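K.L.:
First the structure, which I've put down as structure tokens, then a few questions once you've had a look.
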Number of protein chains: 2
Amino acid sequence: MQGQIVETKFITFERPFRLESGDVLNPLEIAYETYGTLNERCDNAILIEHALSGTAHAAFYHEGTKKPGWWDDMIGQGKGFDTEKYFVICTNVIGGCNGSTGPSSLNPATGRPYALTFPPLTMRDMVEAQRLLLLSLGIKRLRCVVGGSMGGMQAMQFFCDYPDMFDSFITIATTMRHSAQQIAFNEVGRRAIMADPRWNGGDYYGEISPEGGLSVARMIGHITYISEKMMQEKFGRLRKDKDSRAIFRPTFEVEHYLDYQGIEFVRRFDANTYLYITSAIDNFDLVSSMSGPGRIRGEGRARGNALETLSRKRGLVISLTSDWLYPPPQSQDIVRFFSGLRVKISYTEIATDHGHDAFLTDHMKQSLIIKSFLDSIERTR
Amino acid sequence: MQGQIVETKFITFERPFRLESGDVLNPLEIAYETYGTLNERCDNAILIEHALSGTAHAAFYHEGTKKPGWWDDMIGQGKGFDTEKYFVICTNVIGGCNGSTGPSSLNPATGRPYALTFPPLTMRDMVEAQRLLLLSLGIKRLRCVVGGSMGGMQAMQFFCDYPDMFDSFITIATTMRHSAQQIAFNEVGRRAIMADPRWNGGDYYGEISPEGGLSVARMIGHITYISEKMMQEKFGRLRKDKDSRAIFRPTFEVEHYLDYQGIEFVRRFDANTYLYITSAIDNFDLVSSMSGPGRIRGEGRARGNALETLSRKRGLVISLTSDWLYPPPQSQDIVRFFSGLRVKISYTEIATDHGHDAFLTDHMKQSLIIKSFLDSIERTR
């Protein structure tokens with residue numbers, strides 16, 4: 001029997017949406033899904049932020065499909081994010097390629113896809129778009145904003161920019177800023193895309209897309225998403241193809257696995273979106289963003305108010321022991337930063353061999369920790 | 001003042017050279033350099049094995065050039081490999097692109113470059129070619145065979161296949177076999193090359209080569225060659241280009257650095273060689289190679305003789321603390337394996353922040369350790 005059905009909804013804002021760069025998007029379309037029911041006080045919402053390759057389809061099933069949303073194990077009746085209690089919302093980030101305005105959307109000024117005329121994008125732009133959506137749904141105050149990986153970056157940015165809007169935030173397997181090595185991995189992925197002649201300066205819509213380059217980018221990423229131990233236990237040096245003469249076709253099972261990941265990804269993802277979003281990730285620097293025109297900085301009373309507000313907030317920071325993309329010390333930096341802002345922080349390291357992607361797969365432990373955190377928020381409201 | 005001058009020499013064998021695959025190369029050309037003087041007993045030779053992107057030009061200067069060989073800090077008068085005492089030899093591996101027969105060499109059967117008609121290549125093939133060269137130089141017994149990274153793989157293979165030929169071996173920052181993750185990194189590099197339309201099934205000689213793909217492959221490799229800490233200290237989040245609109249041009253210094261590594265590499269390296277050699281590395285499995293038609297296996301007296309021979313040999317295994325490409329536990333496996341064969345092994349972990357590439361750069365510590373090891377070999381001969 002299929003589970004609960006959900007439909008992706010779309011909302012279009014036909015007024016100028018100004019980005020941090022000063023550029024304007026108009027119209028702005030946002031794809032989103034909701035699970036559970038908004039209560040009368042409109043204060044039981046939880047916003048789920050997706051990671052690099054995620055979509056608004058976080059849970060439940062689309063009519064007639066067999067694969068549920070990407071965090072279905074975590075969202076639903078009795079699950080970590082209990083839809084009996086909470087109104088759970090997930091949006092596709094702007095710049096994305098799954099329903100929200102992004103480089104593959106039509107640029108009204110030209111009647112053609114934006115491609116590289118799409119403006120530079122930041123994490124703050126993504127959450128500002130989500131804020132528009134939330135306000136249009138009548139939601140001014142949420143229980144929690146939560147995300148893993150890039151989703152955690154959005155969650156922290158949103159929480160810091162609008163501390164009045166949230167009782168709490170949850171981050172899983174993320175960082176406040178990319179290290180040189182993390183930038184390096186993303187840069188190589190971008191180079192792989194841009195080295196593909198089919199990328200054609202970003203102008204490939206209607207033609208064959210730069211599948212080769214995008215698939216290499218995904219393969220590089222995927223190496224960082226799972227732990228060395230898991231890769232070794234799953235594949236080791238096993239060979240699928242014993243023909244040693246086929247040296248440049250995949251022979252090791254790990255090669256087949258990565259190849260599959262690449263092929264599967266190019267079917268559903270846009271290469272320009274990969275460039276825009278990984279750049280937004282590399283440029284993300286939470287602390288710097290707060291010393292700009294951020295809301296915590298302020299002067300005199302404004303700053304005092306913001307800090308006073310933050311001291312009544314809660315945060316849950318989760319790291320994964322075998323995550324070598326965003327290792328636990330980067331989550332510990334998050335704990336220190338928010339503790340310094342007097343936010344009450346809980347920190348948990350989940351013991352797992354599954355690497356970074358455990359935030360998508362190890363739902364049992366995550367559910368328990370998150371449930372208990374959200375329950376404690378309820379009790380102290 | 002320029003240092004000592006050396007010339008790359010070439011030797012051509014015009015008889016069938018049979019590879020492990022059963023294929024034959026004829027002619028076989030080997031590029032090599034020598035430093036120091038072969039003594040009258042012809043027993044003071046040391047064979048240096050190069051890594052993935054190395055050449056026969058290990059030390060000294062080519063006439064009129066300003067950059068010495070890749071291990072010049074280690075080889076020369078009074079250095080780790082003292083050319084006052086030893087006759088040091090380095091060859092370009094077959095399959096390579098710096099003078100020895102490889103995929104860019106002319107296939108005499110067609111009059112065109114081999115490209116992918118070059119046969120599959122193994123680590124054993126590389127050392128068998130070196131053996132031909134050594135015998136032609138009148139060298140039947142060497143003090144040592146030594147190499148870092150892939151050079152260490154060759155050194156172990158050569159030592160195990162011909163224990164009578166060597167008093168000792170030295171490996172630095174290497175492994176007896178690739179893990180799934182190590183294969184994965186190489187595979188992504190290969191995919192990057194093969195996804196470049198200019199690769200053209202390997203048939204690009206005389207045309208523009210798959211520079212984009214090869215440079216991406218090199219960038220991926222380079223991330224694994226240096227430590228995260230070194231990358232962070234050297235580049236952190238420093239930006240070269242403050243123009244935040246230039247989001248898909250390198251802006252972070254680490255991006256510029258990787259770009260430079262890629263560009264510099266494509267000038268001097270052949271994409272097909274990259275495919276052949278990384279495949280040889282991935283397929284290398286020292287223990288398995290010994291249980292095939294290897295020389296240690298043997299039966300009855302032959303095996304007994306081989307083990308008796310090995311028990312009179314010495315090995316020096318060096319690992320680098322911050323090497324995350326071939327981390328110290330993989331060197332410790334080497335120690336266990338050779339100790340099990342009753343070879344007398346010395347093991348040292350060099351404390352360094354420079355990652356895998358420290359075998360090319362941290363010459364002071366390496367020199368001392370190697371000098372003292374070689375001296376002790378002299379004393380016990």
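Naming scheme: A, B, ... for chains in displayed order of the structure tokens; residues 1 onward per chain; ligands 1 onward as shown.
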Would you return as a ChimeraX atom specification the members of stretch 19-248 of chain B that DSSP assigns to strand (DSSP E or B) on this structure's backbone?

P.N.:
/B:24-25,28-35,45-49,61,75-76,81-82,87-91,106-107,112-113,142-148,166-172,177,239

K.L.:
Using only C-alpha atoms and a distance of at most 8 Å, pull out the residues of chain A that contact chain B, as number ranges by chain.

P.N.:
A: 21, 119-120, 178-181, 183-185, 187-188, 190-192, 195-197, 212-213, 216, 219-220, 223, 228, 231-232, 235-237, 244-245, 247-248, 250, 254-255, 258, 275-276, 279

K.L.:
Could those residues be written to a file, using C-alpha atoms, as an mmCIF file, in the first residue's frame?

P.N.:
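Output saved as result31.cif:
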```
data_model
loop_
_atom_site.group_PDB
_atom_site.id
_atom_site.type_symbol
_atom_site.label_atom_id
_atom_site.label_comp_id
_atom_site.auth_asym_id
_atom_site.auth_seq_id
_atom_site.Cartn_x
_atom_site.Cartn_y
_atom_site.Cartn_z
ATOM 1 C CA SER A 21 23.901 41.166 -5.371
ATOM 2 C CA PRO A 119 22.290 36.583 -10.919
ATOM 3 C CA PRO A 120 24.903 35.439 -8.383
ATOM 4 C CA HIS A 178 33.875 25.958 3.849
ATOM 5 C CA SER A 179 37.531 25.181 4.397
ATOM 6 C CA ALA A 180 40.006 25.400 1.526
ATOM 7 C CA GLN A 181 39.662 21.655 0.903
ATOM 8 C CA ILE A 183 36.057 24.720 -1.666
ATOM 9 C CA ALA A 184 38.580 22.674 -3.652
ATOM 10 C CA PHE A 185 36.242 19.696 -4.048
ATOM 11 C CA GLU A 187 35.736 23.849 -7.576
ATOM 12 C CA VAL A 188 36.860 20.646 -9.263
ATOM 13 C CA ARG A 190 32.535 23.112 -11.364
ATOM 14 C CA ARG A 191 35.634 22.799 -13.572
ATOM 15 C CA ALA A 192 34.441 19.379 -14.723
ATOM 16 C CA ALA A 195 35.382 21.843 -19.248
ATOM 17 C CA ASP A 196 32.575 19.974 -21.025
ATOM 18 C CA PRO A 197 32.150 21.677 -24.434
ATOM 19 C CA GLY A 212 29.721 14.172 -18.949
ATOM 20 C CA GLY A 213 30.944 17.062 -16.856
ATOM 21 C CA VAL A 216 32.026 13.697 -13.080
ATOM 22 C CA MET A 219 31.096 11.362 -8.767
ATOM 23 C CA ILE A 220 33.616 13.619 -7.024
ATOM 24 C CA ILE A 223 33.257 10.153 -2.812
ATOM 25 C CA GLU A 228 36.038 5.436 3.438
ATOM 26 C CA MET A 231 33.109 2.244 0.719
ATOM 27 C CA GLN A 232 35.674 -0.358 1.684
ATOM 28 C CA PHE A 235 33.031 -2.592 -2.436
ATOM 29 C CA GLY A 236 36.608 -3.209 -1.358
ATOM 30 C CA ARG A 237 38.437 -4.450 -4.426
ATOM 31 C CA SER A 244 41.284 -7.182 -17.385
ATOM 32 C CA ARG A 245 41.607 -5.918 -20.959
ATOM 33 C CA ILE A 247 40.903 -1.315 -18.516
ATOM 34 C CA PHE A 248 39.116 1.912 -19.224
ATOM 35 C CA PRO A 250 34.590 0.319 -15.059
ATOM 36 C CA VAL A 254 33.144 0.910 -6.769
ATOM 37 C CA GLU A 255 33.618 2.237 -10.298
ATOM 38 C CA LEU A 258 30.090 5.864 -8.989
ATOM 39 C CA LEU A 275 27.455 25.845 -10.483
ATOM 40 C CA TYR A 276 25.234 28.449 -8.784
ATOM 41 C CA SER A 279 29.233 28.725 -5.414
#
```

K.L.:
Hey, what's within 7 Å of stretch 66-81 of chain B if we count only C-alpha atoms and toss same-chain stuff fewer than 2 positions away? As a short mmCIF file (atom, residue, chain, number, x, y, z; two decimals) with C-alpha atoms, in the first residue's frame, please?

P.N.:
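Contents of out_22.cif, freshly written:
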```
data_model
loop_
_atom_site.label_atom_id
_atom_site.label_comp_id
_atom_site.auth_asym_id
_atom_site.auth_seq_id
_atom_site.Cartn_x
_atom_site.Cartn_y
_atom_site.Cartn_z
CA HIS B 57 64.83 13.17 -14.77
CA ALA B 58 65.17 12.60 -11.03
CA ALA B 59 68.17 14.81 -10.29
CA PHE B 60 70.73 17.31 -11.59
CA TYR B 61 70.03 19.76 -14.42
CA GLY B 64 70.44 25.18 -20.15
CA THR B 83 76.32 9.92 -5.71
CA GLU B 84 79.85 9.73 -4.29
CA LEU B 360 58.83 15.13 -2.79
CA HIS B 363 63.93 16.05 2.01
CA SER B 367 67.61 12.19 3.77
CA LEU B 368 68.73 11.49 7.31
CA ILE B 370 67.59 7.01 4.26
CA LYS B 371 71.28 7.81 4.69
#
```

K.L.:
Provide the atom CA of B:Lys9 to atom CA of B:Arg112 distance in Å, to one decimal place.

P.N.:
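Between these atoms lies a distance of 23.7 Å.
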
K.L.:
Tell me which protein, DNA and RNA residues are within 7 Å of A:Gly36, counting only C-alpha atoms, leaving out same-chain ones fewer than 2 positions away, and put them as a ChimeraX atom specification.

P.N.:
/A:34,38,83-84,86-88

K.L.:
Atom CA of A:Arg18 and atom CA of A:Thr273, how far apart in Å?

P.N.:
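Taking atom CA of A:Thr273 as the start and atom CA of A:Arg18 as the end point, the length is 18.9 Å.
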
K.L.:
Among stretch 170-248 of chain A, which ones does DSSP place in alpha helix (DSSP H), written as a PyMOL selection string?

P.N.:
chain A and resi 180-194+211-225+228-234

K.L.:
Those same residues - C-alpha atoms - I'd like them written as a tab-separated table (two decimals), in the first residue's frame.

P.N.:
```tsv
chain	number	residue	atom	x	y	z
A	180	ALA	CA	40.01	25.40	1.53
A	181	GLN	CA	39.66	21.65	0.90
A	182	GLN	CA	35.87	21.86	0.83
A	183	ILE	CA	36.06	24.72	-1.67
A	184	ALA	CA	38.58	22.67	-3.65
A	185	PHE	CA	36.24	19.70	-4.05
A	186	ASN	CA	33.43	21.97	-5.24
A	187	GLU	CA	35.74	23.85	-7.58
A	188	VAL	CA	36.86	20.65	-9.26
A	189	GLY	CA	33.21	19.72	-9.78
A	190	ARG	CA	32.53	23.11	-11.36
A	191	ARG	CA	35.63	22.80	-13.57
A	192	ALA	CA	34.44	19.38	-14.72
A	193	ILE	CA	31.14	20.92	-15.86
A	194	MET	CA	32.72	23.95	-17.49
A	211	GLU	CA	26.14	15.37	-18.98
A	212	GLY	CA	29.72	14.17	-18.95
A	213	GLY	CA	30.94	17.06	-16.86
A	214	LEU	CA	27.97	17.04	-14.49
A	215	SER	CA	28.31	13.33	-13.92
A	216	VAL	CA	32.03	13.70	-13.08
A	217	ALA	CA	31.11	16.50	-10.64
A	218	ARG	CA	28.59	14.21	-8.97
A	219	MET	CA	31.10	11.36	-8.77
A	220	ILE	CA	33.62	13.62	-7.02
A	221	GLY	CA	30.92	14.76	-4.63
A	222	HIS	CA	29.81	11.24	-3.95
A	223	ILE	CA	33.26	10.15	-2.81
A	224	THR	CA	32.97	12.77	-0.07
A	225	TYR	CA	29.39	11.79	0.84
A	228	GLU	CA	36.04	5.44	3.44
A	229	LYS	CA	35.12	2.57	5.75
A	230	MET	CA	31.66	2.15	4.23
A	231	MET	CA	33.11	2.24	0.72
A	232	GLN	CA	35.67	-0.36	1.68
A	233	GLU	CA	33.14	-2.68	3.33
A	234	LYS	CA	30.64	-2.32	0.51
```

K.L.:
Which residue gives the smallest distance to B:Phe159 among B:Gln366, B:Thr309, B:Thr55, B:Thr8, with only C-alpha atoms counted?

P.N.:
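Result for the nearest residue to B:Phe159: B:Thr309.
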
K.L.:
Just the number, please: distance in Å from atom CA of B:Asn92 to atom CA of B:Glu49, one decimal.

P.N.:
8.3 Å
